[in-house]
>>> print(open('start_12.txt').read())   # compact mmCIF, C-alpha atoms
# COMPACT_ATOMS: atom_id res chain seq x y z
CA MET A 1 0.00 0.00 0.00
CA THR A 2 1.08 3.60 -0.47
CA ALA A 3 -0.05 6.65 1.38
CA THR A 4 0.07 10.34 0.79
CA ALA A 5 -0.25 12.54 3.85
CA THR A 6 -0.83 16.23 4.20
CA ALA A 7 -0.85 18.24 7.40
CA GLY A 8 -2.37 21.65 7.85
CA ALA A 9 -5.35 23.42 9.32
CA ARG A 10 -7.44 20.35 8.63
CA GLY A 11 -5.12 18.17 10.66
CA THR A 12 -3.28 15.18 9.33
CA GLU A 13 -5.10 13.36 6.58
CA THR A 14 -4.00 10.44 4.48
CA VAL A 15 -5.14 8.77 1.32
CA THR A 16 -3.84 5.22 1.26
CA ARG A 17 -4.27 2.74 -1.56
CA TYR A 18 -5.14 -0.77 -0.51
CA TRP A 19 -5.42 -4.04 -2.38
CA LYS A 20 -3.31 -3.22 -5.38
CA THR A 21 -2.89 -5.92 -7.99
CA GLY A 22 0.64 -6.54 -9.18
CA LEU A 23 1.12 -6.89 -12.94
CA ILE A 24 4.11 -7.27 -15.23
CA VAL A 25 3.60 -5.51 -18.55
CA THR A 26 6.77 -5.02 -20.50
CA THR A 27 8.69 -5.95 -23.63
CA ALA A 28 10.79 -9.09 -23.43
CA ASP A 29 13.92 -9.87 -25.39
CA ILE A 30 12.86 -12.65 -27.73
CA THR A 31 16.06 -12.74 -29.73
CA GLY A 32 16.62 -16.35 -30.74
CA ILE A 33 13.14 -17.44 -29.65
CA THR A 34 11.02 -18.59 -32.56
CA ALA A 35 8.15 -20.91 -33.25
CA ARG A 36 7.92 -22.83 -36.47
CA ALA A 37 4.83 -22.03 -38.50
CA PRO A 38 2.10 -24.63 -38.15
CA GLU A 39 1.20 -27.03 -40.88
CA PRO A 40 -1.69 -25.91 -43.07
CA ASP A 41 -5.00 -26.62 -41.34
CA PRO A 42 -7.87 -26.97 -43.80
CA ALA A 43 -10.32 -27.12 -40.90
CA GLY A 44 -9.28 -23.62 -39.87
CA HIS A 45 -9.17 -24.24 -36.12
CA PRO A 46 -8.87 -20.85 -34.41
CA ARG A 47 -6.42 -22.05 -31.76
CA LEU A 48 -3.56 -24.48 -32.26
CA ILE A 49 -1.16 -25.74 -29.63
CA LEU A 50 2.26 -26.15 -31.15
CA PRO A 51 4.47 -29.07 -30.16
CA ALA A 52 7.35 -28.09 -27.90
CA SER A 53 9.75 -29.27 -30.57
CA SER A 54 8.60 -26.51 -32.87
CA VAL A 55 9.80 -23.80 -30.47
CA THR A 56 13.41 -22.67 -30.41
CA GLY A 57 14.53 -21.07 -27.15
CA MET A 58 11.92 -22.59 -24.85
CA ALA A 59 14.37 -22.50 -21.93
CA GLY A 60 14.76 -18.77 -22.39
CA LEU A 61 11.00 -18.30 -22.40
CA GLU A 62 10.67 -20.30 -19.20
CA ALA A 63 13.37 -18.21 -17.55
CA GLN A 64 11.60 -14.99 -18.53
CA PHE A 65 8.30 -16.16 -17.16
CA LEU A 66 9.87 -17.39 -13.93
CA ALA A 67 11.64 -14.06 -13.45
CA SER A 68 8.40 -12.13 -13.90
CA MET A 69 6.34 -14.48 -11.76
CA ASN A 70 8.88 -14.38 -8.97
CA GLN A 71 8.93 -10.61 -9.09
CA LEU A 72 5.18 -10.65 -8.49
CA ALA A 73 5.53 -13.37 -5.83
CA GLU A 74 8.07 -11.25 -4.00
CA THR A 75 5.79 -8.21 -4.25
CA ASP A 76 2.91 -10.30 -2.94
CA GLY A 77 5.03 -11.67 -0.10
CA ALA A 78 4.36 -15.15 -1.44
CA ALA A 79 6.59 -18.18 -1.82
CA PRO A 80 8.75 -18.27 -4.94
CA VAL A 81 7.49 -19.93 -8.08
CA THR A 82 9.73 -22.88 -8.83
CA ALA A 83 8.20 -24.25 -12.02
CA VAL A 84 6.28 -22.94 -14.96
CA THR A 85 4.48 -24.67 -17.81
CA VAL A 86 4.88 -22.94 -21.15
CA GLN A 87 3.23 -23.82 -24.42
CA ALA A 88 3.24 -22.05 -27.75
CA GLU A 89 -0.10 -21.39 -29.37
CA VAL A 90 -1.28 -20.01 -32.65
CA TRP A 91 -4.38 -17.81 -32.57
CA ARG A 92 -6.14 -17.05 -35.84
CA ASN A 93 -9.45 -17.17 -37.67
CA ARG A 94 -11.46 -14.95 -35.30
CA TYR A 95 -10.20 -16.67 -32.15
CA ASP A 96 -11.38 -14.99 -28.97
CA LEU A 97 -11.87 -15.57 -25.25
CA PRO A 98 -14.49 -13.29 -23.71
CA ALA A 99 -13.49 -13.90 -20.08
CA PHE A 100 -11.11 -16.32 -18.48
CA ALA A 101 -8.78 -16.85 -15.55
CA CYS A 102 -6.15 -19.48 -14.79
CA GLN A 103 -5.93 -22.02 -12.02
CA GLY A 104 -2.21 -21.42 -11.49
CA ARG A 105 -0.91 -18.72 -9.13
CA TYR A 106 0.30 -16.68 -12.07
CA ALA A 107 -0.36 -16.65 -15.80
CA GLY A 108 1.68 -15.05 -18.55
CA TRP A 109 1.99 -14.38 -22.23
CA THR A 110 4.88 -13.52 -24.52
CA PHE A 111 3.92 -12.71 -28.07
CA LEU A 112 6.38 -14.21 -30.55
CA SER A 113 4.93 -12.97 -33.81
CA ALA A 114 1.80 -11.25 -35.01
CA SER A 115 0.41 -10.14 -38.31
CA LYS A 116 -0.88 -6.61 -38.54
CA PRO A 117 -4.66 -6.44 -38.09
CA GLY A 118 -7.04 -4.01 -39.72
CA HIS A 119 -8.14 -2.69 -36.34
CA SER A 120 -5.60 -1.88 -33.67
CA GLU A 121 -7.47 -3.75 -30.92
CA SER A 122 -8.05 -7.02 -32.78
CA GLY A 123 -6.30 -9.81 -30.92
CA CYS A 124 -5.41 -7.68 -27.92
CA LEU A 125 -5.15 -9.20 -24.46
CA ASN A 126 -7.21 -7.25 -21.93
CA LEU A 127 -6.59 -7.28 -18.19
CA THR A 128 -9.80 -6.42 -16.36
CA ASP A 129 -10.19 -4.19 -13.31
CA PRO A 130 -10.87 -6.77 -10.58
CA ARG A 131 -12.75 -4.42 -8.24
CA ALA A 132 -16.32 -5.68 -8.26
CA GLY A 133 -18.89 -3.03 -9.07
CA SER A 134 -16.38 -0.25 -9.53
CA ALA A 135 -17.13 0.22 -13.21
CA LEU A 136 -20.81 0.81 -12.48
CA THR A 137 -20.24 4.02 -10.53
CA ALA A 138 -20.44 7.35 -12.33
CA MET A 139 -17.46 9.54 -11.59
CA PRO A 140 -15.87 12.35 -13.58
CA GLY A 141 -12.88 11.02 -15.47
CA LEU A 142 -14.29 7.50 -15.29
CA PRO A 143 -11.36 6.23 -13.22
CA TRP A 144 -12.95 2.91 -12.30
CA GLY A 145 -13.15 -0.21 -14.44
CA ARG A 146 -10.28 0.68 -16.74
CA GLN A 147 -8.49 -2.18 -18.48
CA PHE A 148 -4.89 -2.74 -19.42
CA VAL A 149 -4.73 -3.53 -23.12
CA ILE A 150 -1.75 -5.57 -24.32
CA VAL A 151 -1.19 -5.17 -28.04
CA PRO A 152 0.04 -8.47 -29.50
CA ALA A 153 3.29 -7.17 -30.95
CA ALA A 154 6.31 -9.45 -31.04
CA GLY A 155 8.03 -9.27 -27.65
CA ALA A 156 5.02 -8.00 -25.69
CA HIS A 157 5.13 -9.79 -22.33
CA ALA A 158 2.60 -9.82 -19.51
CA VAL A 159 2.31 -11.77 -16.28
CA VAL A 160 -0.67 -11.48 -13.96
CA PRO A 161 -2.16 -13.26 -10.95
CA GLY A 162 -3.95 -16.39 -12.10
CA TRP A 163 -7.22 -15.23 -10.55
CA LEU A 164 -7.39 -12.06 -12.66
CA THR A 165 -10.12 -12.03 -15.26
CA CYS A 166 -8.69 -11.46 -18.72
CA SER A 167 -10.08 -11.50 -22.22
CA ILE A 168 -8.85 -11.77 -25.77
CA VAL A 169 -10.42 -9.45 -28.29
CA PRO A 170 -11.60 -11.43 -31.34
CA LEU A 171 -8.96 -11.75 -34.00
CA GLU A 172 -9.75 -10.85 -37.56
CA ALA A 173 -10.21 -13.64 -40.09
CA SER A 174 -6.85 -13.00 -41.70
CA GLN A 175 -4.95 -12.25 -38.50
CA GLN A 176 -2.47 -14.72 -36.99
CA ILE A 177 -0.66 -14.53 -33.66
CA THR A 178 1.93 -16.89 -32.20
CA VAL A 179 2.15 -16.59 -28.44
CA ALA A 180 3.83 -18.42 -25.59
CA VAL A 181 1.34 -18.99 -22.78
CA ALA A 182 2.63 -19.74 -19.29
CA VAL A 183 1.05 -20.93 -16.09
CA ALA A 184 2.84 -21.23 -12.76
CA SER A 185 2.77 -24.91 -11.92
CA MET B 1 16.04 -22.78 -15.97
CA THR B 2 18.41 -20.88 -18.25
CA THR B 3 20.52 -21.76 -21.22
CA ALA B 4 24.27 -21.47 -21.25
CA THR B 5 24.22 -18.89 -24.03
CA ARG B 6 21.50 -16.63 -22.73
CA PRO B 7 21.92 -14.44 -19.65
CA ALA B 8 19.36 -14.78 -16.91
CA PRO B 9 16.56 -12.29 -17.58
CA ALA B 10 16.23 -9.30 -15.30
CA ARG B 11 13.15 -9.11 -13.18
CA PRO B 12 10.85 -6.48 -14.68
CA ARG B 13 9.40 -3.86 -12.38
CA PRO B 14 5.78 -4.61 -11.48
CA LEU B 15 2.89 -2.25 -12.02
CA MET B 16 0.76 -1.96 -8.92
CA ALA B 17 -2.67 -1.45 -10.41
CA TRP B 18 -6.21 -0.79 -9.32
CA GLY B 19 -5.50 0.22 -5.74
CA THR B 20 -8.51 1.39 -3.76
CA PRO B 21 -8.07 4.85 -2.19
CA ILE B 22 -9.09 5.23 1.44
CA PHE B 23 -9.09 8.56 3.23
CA GLN B 24 -8.54 8.86 6.94
CA ALA B 25 -8.26 11.96 9.09
CA ASP B 26 -8.56 12.97 12.71
CA PHE B 27 -9.89 16.52 12.62
CA PRO B 28 -8.49 18.91 15.20
CA GLY B 29 -11.74 20.88 15.52
CA ALA B 30 -13.80 17.83 16.35
CA GLY B 31 -13.73 18.26 20.13
CA HIS B 32 -15.44 21.61 19.76
CA TYR B 33 -18.27 20.44 17.51
CA ASN B 34 -18.90 16.84 18.57
CA PRO B 35 -20.97 17.66 21.69
CA ASP B 36 -23.34 19.73 19.54
CA LEU B 37 -23.49 17.04 16.87
CA LYS B 38 -24.28 14.41 19.49
CA GLN B 39 -27.07 16.48 20.99
CA LEU B 40 -28.56 17.28 17.58
CA ILE B 41 -28.55 13.60 16.61
CA LEU B 42 -30.05 12.31 19.86
CA ASP B 43 -32.70 15.03 19.86
CA GLY B 44 -33.51 14.24 16.25
CA GLU B 45 -33.77 10.53 16.98
CA LYS B 46 -36.72 11.18 19.31
CA SER B 47 -38.82 12.83 16.63
CA ASP B 48 -37.48 11.40 13.37
CA PRO B 49 -40.34 9.53 11.66
CA GLU B 50 -37.89 7.83 9.31
CA ALA B 51 -35.45 6.56 11.94
CA ALA B 52 -35.25 2.81 11.58
CA LEU B 53 -33.24 -0.28 12.15
CA PHE B 54 -31.63 -1.19 8.86
CA GLY B 55 -29.18 -3.74 7.61
CA GLY B 56 -27.92 -4.56 11.03
CA ILE B 57 -28.50 -5.14 14.70
CA ASN B 58 -29.10 -2.42 17.27
CA ALA B 59 -28.17 0.26 14.76
CA VAL B 60 -30.69 3.04 14.22
CA LYS B 61 -30.38 5.11 11.07
CA SER B 62 -31.83 8.59 10.91
CA SER B 63 -33.40 10.18 7.86
CA SER B 64 -30.91 11.59 5.36
CA THR B 65 -31.57 15.27 6.11
CA ILE B 66 -28.72 16.05 8.46
CA LEU B 67 -26.92 18.32 6.04
CA THR B 68 -30.00 20.56 5.82
CA TRP B 69 -30.02 21.26 9.55
CA ASP B 70 -29.22 24.88 10.35
CA HIS B 71 -26.41 24.72 12.89
CA PRO B 72 -22.73 25.76 12.89
CA ALA B 73 -21.68 22.20 13.70
CA ILE B 74 -23.40 20.99 10.53
CA GLY B 75 -21.62 23.68 8.51
CA TRP B 76 -18.32 22.50 9.96
CA PHE B 77 -19.18 18.90 9.13
CA LYS B 78 -20.08 19.75 5.51
CA ALA B 79 -16.62 21.29 5.12
CA ARG B 80 -15.03 18.10 6.46
CA ILE B 81 -16.90 16.04 3.86
CA MET B 82 -15.43 18.31 1.22
CA ASP B 83 -11.97 17.81 2.72
CA ALA B 84 -12.35 14.08 2.22
CA VAL B 85 -13.87 14.35 -1.25
CA THR B 86 -11.18 16.78 -2.38
CA ALA B 87 -8.38 14.56 -1.11
CA LEU B 88 -9.82 11.44 -2.71
CA THR B 89 -10.59 13.13 -6.01
CA GLU B 90 -7.10 14.58 -6.20
CA ALA B 91 -5.63 11.17 -5.41
CA GLU B 92 -7.64 9.54 -8.17
CA LEU B 93 -7.69 12.18 -10.88
CA GLY B 94 -4.53 14.18 -10.20
CA ASP B 95 -4.55 17.65 -11.74
CA ALA B 96 -7.86 16.91 -13.48
CA ALA B 97 -9.54 17.02 -10.06
CA ARG B 98 -9.51 20.81 -10.35
CA GLU B 99 -12.14 20.46 -13.08
CA VAL B 100 -14.49 18.62 -10.70
CA THR B 101 -15.61 21.34 -8.34
CA THR B 102 -19.27 21.76 -9.20
CA GLY B 103 -22.28 19.46 -9.39
CA ILE B 104 -21.37 17.74 -6.15
CA GLN B 105 -24.36 16.39 -4.25
CA ALA B 106 -24.11 15.18 -0.67
CA GLU B 107 -26.39 13.52 1.83
CA ALA B 108 -25.73 12.31 5.34
CA TRP B 109 -27.47 10.41 8.08
CA ALA B 110 -26.71 9.46 11.63
CA VAL B 111 -26.28 5.93 12.85
CA VAL B 112 -26.57 5.29 16.57
CA TYR B 113 -25.20 1.95 17.74
CA ARG B 114 -26.10 0.57 21.11
CA ASN B 115 -25.09 -2.64 22.89
CA GLY B 116 -23.97 -5.25 20.38
CA GLY B 117 -24.77 -3.04 17.40
CA SER B 118 -23.39 -4.10 14.03
CA LEU B 119 -23.93 -3.59 10.33
CA ARG B 120 -23.59 -6.30 7.74
CA PRO B 121 -21.47 -5.84 4.56
CA HIS B 122 -22.92 -3.43 2.04
CA THR B 123 -22.01 -0.84 -0.59
CA HIS B 124 -23.35 2.61 -1.42
CA HIS B 125 -23.64 1.84 -5.10
CA ASP B 126 -25.22 5.13 -6.18
CA SER B 127 -22.49 7.32 -4.75
CA ALA B 128 -19.04 8.19 -6.01
CA TRP B 129 -17.60 8.61 -2.50
CA SER B 130 -18.92 7.51 0.85
CA GLY B 131 -17.67 7.95 4.35
CA VAL B 132 -18.25 7.78 8.04
CA TYR B 133 -17.44 10.24 10.79
CA TYR B 134 -17.36 9.29 14.44
CA VAL B 135 -19.07 11.73 16.79
CA GLU B 136 -18.71 9.38 19.71
CA ALA B 137 -16.72 6.16 19.54
CA GLY B 138 -17.95 4.23 22.56
CA ASN B 139 -15.35 1.70 23.65
CA PRO B 140 -14.15 0.00 20.47
CA GLY B 141 -11.68 -2.77 20.89
CA GLY B 142 -11.89 -2.54 24.63
CA GLU B 143 -10.06 -5.01 26.82
CA GLY B 144 -11.01 -8.53 25.87
CA THR B 145 -13.23 -7.44 22.99
CA GLY B 146 -10.78 -7.72 20.07
CA ASP B 147 -11.90 -5.53 17.19
CA ALA B 148 -15.44 -4.98 18.47
CA GLY B 149 -16.99 -1.92 16.89
CA TYR B 150 -14.33 -1.52 14.22
CA LEU B 151 -15.12 -0.43 10.68
CA GLN B 152 -14.22 -3.19 8.25
CA LEU B 153 -13.36 -2.24 4.68
CA LEU B 154 -13.50 -5.32 2.51
CA ASP B 155 -11.16 -6.20 -0.35
CA PRO B 156 -13.27 -5.45 -3.46
CA ARG B 157 -11.58 -8.23 -5.46
CA PRO B 158 -13.61 -11.38 -4.78
CA ALA B 159 -11.38 -13.45 -7.06
CA ALA B 160 -8.31 -12.56 -4.99
CA ILE B 161 -10.13 -13.49 -1.81
CA ALA B 162 -11.22 -16.80 -3.32
CA ARG B 163 -7.56 -17.66 -3.99
CA HIS B 164 -6.54 -16.68 -0.46
CA THR B 165 -4.14 -14.05 -1.77
CA SER B 166 -5.76 -11.33 0.33
CA GLU B 167 -6.50 -11.06 4.03
CA GLY B 168 -9.90 -9.80 2.92
CA SER B 169 -10.34 -6.70 5.01
CA HIS B 170 -8.76 -3.64 6.52
CA ARG B 171 -10.02 -2.69 9.97
CA ILE B 172 -10.16 0.83 11.33
CA ARG B 173 -10.70 1.67 14.96
CA PRO B 174 -13.41 4.23 15.56
CA ALA B 175 -12.28 7.35 17.38
CA ALA B 176 -14.21 10.53 18.07
CA GLY B 177 -13.35 13.08 15.38
CA ARG B 178 -12.14 10.50 12.89
CA MET B 179 -13.35 10.50 9.29
CA VAL B 180 -12.91 7.54 6.95
CA ALA B 181 -13.94 7.82 3.30
CA PHE B 182 -13.75 5.53 0.27
CA PRO B 183 -15.36 4.81 -3.10
CA GLY B 184 -19.07 4.10 -2.78
CA TRP B 185 -18.64 0.71 -4.43
CA LEU B 186 -16.30 -0.54 -1.71
CA PRO B 187 -17.98 -3.16 0.50
CA HIS B 188 -17.78 -2.39 4.19
CA SER B 189 -19.33 -3.49 7.45
CA VAL B 190 -19.27 -2.71 11.15
CA GLN B 191 -18.09 -5.28 13.64
CA ALA B 192 -20.49 -5.86 16.50
CA THR B 193 -19.82 -3.64 19.43
CA ALA B 194 -19.24 -5.32 22.74
CA ALA B 195 -22.44 -6.29 24.54
CA ASP B 196 -21.64 -3.92 27.35
CA ASP B 197 -20.35 -1.12 25.17
CA THR B 198 -21.53 2.42 25.55
CA MET B 199 -23.34 4.25 22.80
CA ARG B 200 -21.46 4.87 19.54
CA ILE B 201 -22.63 7.65 17.20
CA ALA B 202 -21.52 7.96 13.61
CA ILE B 203 -22.55 10.09 10.67
CA ALA B 204 -22.43 8.34 7.32
CA TRP B 205 -22.49 10.22 4.04
CA ASN B 206 -22.63 9.87 0.30
CA VAL B 207 -21.36 12.16 -2.40
CA ALA B 208 -22.42 11.87 -6.03
CA TYR B 209 -22.06 14.06 -9.08
CA ASP B 210 -25.07 15.46 -10.86
CA LYS B 211 -23.72 14.40 -14.23
CA THR B 212 -23.50 17.91 -15.59
CA TRP B 213 -19.74 17.50 -15.32
CA ARG B 214 -17.73 17.59 -18.47
CA SER B 215 -15.75 14.60 -19.52
CA VAL B 216 -12.39 14.57 -17.77
CA SER B 217 -9.91 12.35 -19.52
>>> encode(input="start_12.txt", output="structure tokens")
Amino acid sequence: MTATATAGARGTETVTRYWKTGLIVTTADITGITARAPEPDPAGHPRLILPASSVTGMAGLEAQFLASMNQLAETDGAAPVTAVTVQAEVWRNRYDLPAFACQGRYAGWTFLSASKPGHSESGCLNLTDPRAGSALTAMPGLPWGRQFVIVPAAGAHAVVPGWLTCSIVPLEASQQITVAVAVAS
Amino acid sequence: MTTATRPAPARPRPLMAWGTPIFQADFPGAGHYNPDLKQLILDGEKSDPEAALFGGINAVKSSSTILTWDHPAIGWFKARIMDAVTALTEAELGDAAREVTTGIQAEAWAVVYRNGGSLRPHTHHDSAWSGVYYVEAGNPGGEGTGDAGYLQLLDPRPAAIARHTSEGSHRIRPAAGRMVAFPGWLPHSVQATAADDTMRIAIAWNVAYDKTWRSVS
């Protein structure tokens, strides 16, 4: 928590922020980390899980995710994360997830490649304000209920608590994203 | 696990997002005005047709007209509400808070707790900011009573609570002259006072905006 305090004629007053949610949103170095393009899929499945053998640099990905998850664990005062499960996925053909969370303590994504969509938000990963009811309250500036929007550019990296509700904005029909998805195990 | 050819990645700096602002102050002028506020509230309780038990046990809520009462102590109290609203708005909006100085609507009501009085968890979902001011604190947390009578502010992230990553609440000890304020959507409750506690008097309030405000981005 953080507090700001002022003292004056009104006495000492503080505004303290409680129950912050730790997030990692940054750009990772993905030099040398690649995923081989999937075989053609006539069925057009919107989500493919790539075999581990098709990813070069998996150890580096795991190390990045562990570093980010342990930063959050330290911030949370929680035990270190000792293992992470990472899989590479291809999202395409209007893939979307309206709302989801993960069973693991932390979840993460590193985008490895992405085609340019027609609309800037197509395929974005959204992190949702977890404060129940906050978005329903009218307030100038609309400070409540704001989302973090992760644009799926190569190298974009995010790690969040597993309980946080996230969503994936529907991809466009011609859009394709390759992303490493991690869950603390 | 790292590879021999790749240096261990640095730990990125975390963003600490979506914190819930809570205002707390102990006003130096309170000792002067609290006796008058107490008398006004207890006198009003005798004749208030809308006074009622609500949402709790041994807690009587007055009608929401307190801010219309013509008394210097009420004028002082209105100014303290604005202190809290100003501090919270500045904390949330930064410099843009200076654009939010009109269209503010406030209401307040007294709550008188007697032996064992408590209030179950609730929100003030129609207000931007809500708060409570203690005119008289009784004997909160007296010997052997733990946190009896404390205000409990509840973590608004049910998913975090479900995963046991949050203690779930922040408790504040009532004290005469103390104001606590928070977003209206924040769940809160009042721990039962001790069975042999003395009377505790609080004034709760809501502040909303009349929606004539311009968009502040």
>>> interface_residues(input="start_12.txt", of="chain A", to="chain B", cutoff="6 Å", atoms="all atoms listed in the file", output="ChimeraX atom specification")
/A:11-24,59-60,63-64,67-68,130-134,139-141,163
>>> atom_distance(input="start_12.txt", atom1="atom CA of Trp109 of chain A", atom2="atom CA of Asn70 of chain A")
14.9 Å
>>> closest_residue(input="start_12.txt", among="A:Gly145, A:Gly155, A:Gly123, A:Pro80", to="Phe111 of chain A", atoms="only C-alpha atoms")
A:Gly155
>>> residues_around(input="start_12.txt", residues="Thr34 of chain A", least_positions_apart="6", cutoff="7 Å", atoms="all atoms listed in the file", output="list in words")
Val55, Thr56, Gly57 and Leu112 of chain A
>>> write_last_selection(input="start_12.txt", atoms="C-alpha atoms", output="tab-separated table (two decimals), in the coordinates of the input")
chain	number	residue	atom	x	y	z
A	55	VAL	CA	9.80	-23.80	-30.47
A	56	THR	CA	13.41	-22.67	-30.41
A	57	GLY	CA	14.53	-21.07	-27.15
A	112	LEU	CA	6.38	-14.21	-30.55
>>> residues_around(input="start_12.txt", residues="Val112 of chain B", least_positions_apart="5", cutoff="9 Å", atoms="all atoms listed in the file", output="MDAnalysis selection string")
chainID B and resid 41:42 45 58:62 117 199:203
>>> residues_around(input="start_12.txt", residues="Gly108 of chain A", least_positions_apart="5", cutoff="9 Å", atoms="only C-alpha atoms", output="list in words")
Ile24, Phe65, Ser68, Met69, Val86, His157, Ala158, Val159, Val160, Pro161, Gly162, Ala180, Val181, Ala182, Val183 and Ala184 of chain A
>>> axis_aligned_box(input="start_12.txt", around="segment 46-50 of chain A", padding_each_side="4 Å", output="AutoDock Vina command-line options")
--center_x -3.3 --center_y -23.5 --center_z -32.0 --size_x 19.1 --size_y 13.3 --size_z 12.8
>>> atom_distance(input="start_12.txt", atom1="atom CA of Ser189 of chain B", atom2="atom CA of Arg105 of chain A")
29.1 Å
>>> atom_distance(input="start_12.txt", atom1="atom CA of Ser174 of chain A", atom2="atom CA of Gln87 of chain A")
22.7 Å
>>> closest_residue(input="start_12.txt", among="A:Ser167, A:Thr26, A:Ser185, A:Ser53", to="Pro38 of chain A", atoms="all atoms listed in the file")
A:Ser53
>>> build_atoms(input="start_12.txt", residues="segment 26-38 of chain A", atoms="N, CA, C and O atoms", output="PDB file, keeping the file's coordinate frame")
ATOM      1  N   THR A  26       5.505  -5.538 -20.006  1.00  0.00           N
ATOM      2  CA  THR A  26       6.770  -5.020 -20.500  1.00  0.00           C
ATOM      3  C   THR A  26       7.064  -5.627 -21.886  1.00  0.00           C
ATOM      4  O   THR A  26       6.218  -6.307 -22.472  1.00  0.00           O
ATOM      5  N   THR A  27       8.242  -5.343 -22.379  1.00  0.00           N
ATOM      6  CA  THR A  27       8.690  -5.950 -23.630  1.00  0.00           C
ATOM      7  C   THR A  27       9.864  -6.872 -23.303  1.00  0.00           C
ATOM      8  O   THR A  27      10.830  -6.456 -22.651  1.00  0.00           O
ATOM      9  N   ALA A  28       9.743  -8.110 -23.714  1.00  0.00           N
ATOM     10  CA  ALA A  28      10.790  -9.090 -23.430  1.00  0.00           C
ATOM     11  C   ALA A  28      11.728  -9.208 -24.631  1.00  0.00           C
ATOM     12  O   ALA A  28      11.348  -8.934 -25.775  1.00  0.00           O
ATOM     13  N   ASP A  29      12.946  -9.603 -24.324  1.00  0.00           N
ATOM     14  CA  ASP A  29      13.920  -9.870 -25.390  1.00  0.00           C
ATOM     15  C   ASP A  29      13.654 -11.266 -25.946  1.00  0.00           C
ATOM     16  O   ASP A  29      13.868 -12.261 -25.244  1.00  0.00           O
ATOM     17  N   ILE A  30      13.156 -11.334 -27.149  1.00  0.00           N
ATOM     18  CA  ILE A  30      12.860 -12.650 -27.730  1.00  0.00           C
ATOM     19  C   ILE A  30      13.855 -13.007 -28.831  1.00  0.00           C
ATOM     20  O   ILE A  30      13.576 -13.867 -29.676  1.00  0.00           O
ATOM     21  N   THR A  31      15.018 -12.378 -28.767  1.00  0.00           N
ATOM     22  CA  THR A  31      16.060 -12.740 -29.730  1.00  0.00           C
ATOM     23  C   THR A  31      16.373 -14.233 -29.626  1.00  0.00           C
ATOM     24  O   THR A  31      16.626 -14.744 -28.527  1.00  0.00           O
ATOM     25  N   GLY A  32      16.307 -14.919 -30.724  1.00  0.00           N
ATOM     26  CA  GLY A  32      16.620 -16.350 -30.740  1.00  0.00           C
ATOM     27  C   GLY A  32      15.455 -17.232 -30.341  1.00  0.00           C
ATOM     28  O   GLY A  32      15.599 -18.459 -30.308  1.00  0.00           O
ATOM     29  N   ILE A  33      14.313 -16.644 -30.019  1.00  0.00           N
ATOM     30  CA  ILE A  33      13.140 -17.440 -29.650  1.00  0.00           C
ATOM     31  C   ILE A  33      12.164 -17.399 -30.828  1.00  0.00           C
ATOM     32  O   ILE A  33      11.675 -16.324 -31.204  1.00  0.00           O
ATOM     33  N   THR A  34      11.917 -18.528 -31.401  1.00  0.00           N
ATOM     34  CA  THR A  34      11.020 -18.590 -32.560  1.00  0.00           C
ATOM     35  C   THR A  34      10.127 -19.816 -32.459  1.00  0.00           C
ATOM     36  O   THR A  34      10.444 -20.778 -31.756  1.00  0.00           O
ATOM     37  N   ALA A  35       9.044 -19.753 -33.161  1.00  0.00           N
ATOM     38  CA  ALA A  35       8.150 -20.910 -33.250  1.00  0.00           C
ATOM     39  C   ALA A  35       7.930 -21.200 -34.728  1.00  0.00           C
ATOM     40  O   ALA A  35       7.632 -20.278 -35.510  1.00  0.00           O
ATOM     41  N   ARG A  36       8.102 -22.452 -35.078  1.00  0.00           N
ATOM     42  CA  ARG A  36       7.920 -22.830 -36.470  1.00  0.00           C
ATOM     43  C   ARG A  36       6.447 -22.697 -36.850  1.00  0.00           C
ATOM     44  O   ARG A  36       5.556 -23.013 -36.056  1.00  0.00           O
ATOM     45  N   ALA A  37       6.211 -22.223 -38.045  1.00  0.00           N
ATOM     46  CA  ALA A  37       4.830 -22.030 -38.500  1.00  0.00           C
ATOM     47  C   ALA A  37       4.107 -23.372 -38.537  1.00  0.00           C
ATOM     48  O   ALA A  37       4.709 -24.405 -38.845  1.00  0.00           O
ATOM     49  N   PRO A  38       2.842 -23.376 -38.165  1.00  0.00           N
ATOM     50  CA  PRO A  38       2.100 -24.630 -38.150  1.00  0.00           C
ATOM     51  C   PRO A  38       1.848 -25.149 -39.564  1.00  0.00           C
ATOM     52  O   PRO A  38       1.911 -24.397 -40.537  1.00  0.00           O
TER      53      PRO A  38
END
